[in-house]
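Working notes, structure below.
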Amino acid sequence: SAFRKFLAFVGPGYLVAVGYMDPGNWATDLAGGSTFMYTLLSVILLSNLMAMLLQSLSSKLGIVTGRDLAQACRDHYSKPVSFVLWILCEIAIAACDLAELIGSAIALNLLFGIPLLYGVILTALDILLVLLLQNKGFRPIEAIVISLIAIIGFCFAVELFLASPNVTQVLHGFVPSSEIITNPAMLYIAIGILGATVMPHNLYLHSSIVQTRAFEQTSEGKKSAIRYATWDSSIALLFALFINAAILILSAATFHGTGKAVDDISQAYELLTPLLGTSIASILFGVALLASGQNSTLTGTL
């Protein structure tokens with residue numbers, strides 16, 4: 001059935017989606033919410049729509065040509081150009097992975113008091129162990145990633161319940177405002193949100209892992225595969241939209257009234273308990289950060 005075919009394609013989109021909810025997004029979302037309330041929700045929405053378009057094009061490339069983006073670049077550009085592209089992409093991936101690795105180490109430090117250096121080493125080691133699961137096929141890795149996304153989603157659903165944001169103001173925040181462009185401070189954070197959302201390594205990853213699915217190598221078979229792969233990535237990116245928006249909404253509802261900008265993850269962790277009146281708020285925040293860091297480091301390494 002069409003539904004079972006769709007389920008067969010579910011997975012790659014979620015590996016890609018974690019790159020859009022990594023710890024690099026958290027600081028910009030926290031700063032945006034604590035400083036400008038819900039106004040920058042529209043930037044998160046537009047960034048996510050852009051991500052959906054880019055990822056659908058990336059999966060289409062992999063399905064139609066049978067080549068990932070890196071192979072396509074090598075095939076269509078001269079050797080010097082390909083070499084420069086390779087160096088630039090390695091730097092971009094390392095820069096993205098840096099925020100993810102440190103985010104996971106910060107979570108281990110906040111939850112268990114593990115020093116940052118040991119946290120980074122632990123994260124690197126456990127990611128390498130998880131990558132060994134590739135020998136068992138790609139499904140186990142996809143199952144781990146989807147499970148961690150579910151944990152992040154649950155944590156923030158509880159956080160939003162505790163924060164009790166104004167729903168009308170939240171919905172109004174998704175409508176773009178001209179103030180985002182005219183206010184330099186707001187524009188600066190908006191650019192940060194955009195930069196943290198659109199991840200270059202995801203385009204390479206998606207065009208590769210979408211080929212792990214079996215489909216008929218005919219025109220109709222490829223059209224069907226593109227349709228299911230697009231649904232997979234678009235639905236997965238809706239989860240990324242929810243989590244990014246939830247961070248900003250939580251920050252706006254909790255920190256905006258304090259009169260100071262909260263743009264540091266550790267600061268947010270410490271302030272959640274006294275402001276929301278329960279220690280579970282900080283614990284859930286730390287658990288979500290740990291799951292996010294582990295998830296995004298895994299896909300960045302892939």
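Chains: A, B, ... in order of the structure tokens. Residues: from 1 per chain. Ligands: from 1, in order shown.
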
> Could you name the residues that touch A:Thr297 at 7 Å or less, counting only C-alpha atoms, but leaving out those on the same chain fewer than 4 positions away, as a list in words?
Replying inline: Asp97, Glu100, Leu101, Gly293 and Thr301 of chain A

Output as a tab-separated table one row per residue of stretch 223-261 of chain A within 12 Å of stretch 282-291 of chain A: the closest atom pair and its distance in Å to one decimal place, counting only C-alpha atoms, sorted by chain and residue number ascending.
```
residue	atom	partner	partner_atom	distance
A:Ile243	CA	A:Ala288	CA	9.9
A:Asn244	CA	A:Ala288	CA	11.9
A:Ala246	CA	A:Phe285	CA	11.3
A:Ile247	CA	A:Phe285	CA	9.5
A:Leu250	CA	A:Phe285	CA	10.4
A:Ser251	CA	A:Phe285	CA	11.5
```

Writing out the chosen residues with N, CA and C atoms as a PDB file, in the first residue's frame:
```
ATOM      1  N   ILE A 243      10.560  22.331  17.518  1.00  0.00           N
ATOM      2  CA  ILE A 243      11.565  22.400  18.585  1.00  0.00           C
ATOM      3  C   ILE A 243      12.250  23.765  18.605  1.00  0.00           C
ATOM      4  N   ASN A 244      12.629  24.294  17.435  1.00  0.00           N
ATOM      5  CA  ASN A 244      13.241  25.622  17.385  1.00  0.00           C
ATOM      6  C   ASN A 244      12.275  26.698  17.889  1.00  0.00           C
ATOM      7  N   ALA A 246       9.796  26.172  19.893  1.00  0.00           N
ATOM      8  CA  ALA A 246       9.556  25.934  21.322  1.00  0.00           C
ATOM      9  C   ALA A 246      10.642  26.575  22.184  1.00  0.00           C
ATOM     10  N   ILE A 247      11.903  26.518  21.710  1.00  0.00           N
ATOM     11  CA  ILE A 247      13.003  27.130  22.459  1.00  0.00           C
ATOM     12  C   ILE A 247      12.792  28.643  22.555  1.00  0.00           C
ATOM     13  N   LEU A 250       9.687  29.394  24.771  1.00  0.00           N
ATOM     14  CA  LEU A 250      10.045  29.184  26.182  1.00  0.00           C
ATOM     15  C   LEU A 250      10.877  30.352  26.708  1.00  0.00           C
ATOM     16  N   SER A 251      11.843  30.790  25.895  1.00  0.00           N
ATOM     17  CA  SER A 251      12.700  31.913  26.292  1.00  0.00           C
ATOM     18  C   SER A 251      11.895  33.197  26.451  1.00  0.00           C
TER      19      SER A 251
END
```

> Contacts of A:Gly119 at 10 Å or less, counting only C-alpha atoms, minus same-chain residues fewer than 3 places along, as a PyMOL selection string?
Replying inline: chain A and resi 101-109+112-116+122-125

> Can you list, as JSON, numbers by chain, every protein, DNA or RNA residue that comes within 8 Å of stretch 173-185 of chain A when you count only C-alpha atoms, leaving out same-chain residues fewer than 2 positions away?
Replying inline: {"A": [38, 39, 40, 41, 42, 43, 45, 169, 170, 171, 187, 188, 189, 190]}

Could you write out the selected residues, including C-alpha atoms, as a compact mmCIF listing (two decimals), in the first residue's frame?
```txt
# COMPACT_ATOMS: atom_id res chain seq x y z
CA TYR A 38 7.90 36.21 19.76
CA THR A 39 8.76 38.51 16.81
CA LEU A 40 11.53 36.27 15.42
CA LEU A 41 9.29 33.20 15.16
CA SER A 42 8.64 34.29 11.57
CA VAL A 43 12.38 33.98 10.82
CA LEU A 45 9.34 29.60 10.00
CA GLN A 169 1.02 36.48 20.83
CA VAL A 170 2.77 33.28 19.69
CA LEU A 171 0.59 33.01 16.57
CA LEU A 187 18.36 41.75 12.24
CA TYR A 188 21.65 40.55 13.75
CA ILE A 189 19.92 37.77 15.74
CA ALA A 190 17.68 36.95 12.74
```

> If we count only C-alpha atoms, what is near A:Asp264 at a cut-off of 8 Å, once residues fewer than 4 positions away on the same chain are taken out, given as number ranges by chain?
Replying inline: A: 27, 30-31, 268

Pull N, CA and C atoms from the residues just selected and write them as an mmCIF file, in the first residue's frame.
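Final file, selection-v1.cif:
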```cif
data_model
loop_
_atom_site.group_PDB
_atom_site.id
_atom_site.type_symbol
_atom_site.label_atom_id
_atom_site.label_comp_id
_atom_site.auth_asym_id
_atom_site.auth_seq_id
_atom_site.Cartn_x
_atom_site.Cartn_y
_atom_site.Cartn_z
ATOM 1 N N ALA A 27 21.301 28.906 21.253
ATOM 2 C CA ALA A 27 21.729 30.221 21.743
ATOM 3 C C ALA A 27 21.013 31.359 21.011
ATOM 4 N N LEU A 30 17.329 31.378 22.092
ATOM 5 C CA LEU A 30 17.209 31.914 23.458
ATOM 6 C C LEU A 30 17.343 33.432 23.461
ATOM 7 N N ALA A 31 18.351 33.928 22.705
ATOM 8 C CA ALA A 31 18.574 35.374 22.636
ATOM 9 C C ALA A 31 17.389 36.075 21.975
ATOM 10 N N ALA A 268 20.473 29.902 30.886
ATOM 11 C CA ALA A 268 19.067 29.507 30.751
ATOM 12 C C ALA A 268 18.752 28.314 31.653
#
```

> Which residue gives the smallest distance to A:Leu88 among A:Pro200, A:Leu110, A:Ala17, A:Thr35, with only C-alpha atoms counted?
Replying inline: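 Comparing A:Pro200, A:Leu110, A:Ala17, A:Thr35 against A:Leu88, the winner is A:Pro200.
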
> Which of these, A:Gly11, A:Gly137, A:Gly300, A:Gly259, has the shortest distance to A:Ala92 once you count only C-alpha atoms?
Replying inline: A:Gly300

> Given the choices A:Ala2, A:Ile149, A:Val16, A:Ile44, which gets closest to A:Asn202 if the distance is worked out from only C-alpha atoms?
Replying inline: A:Val16
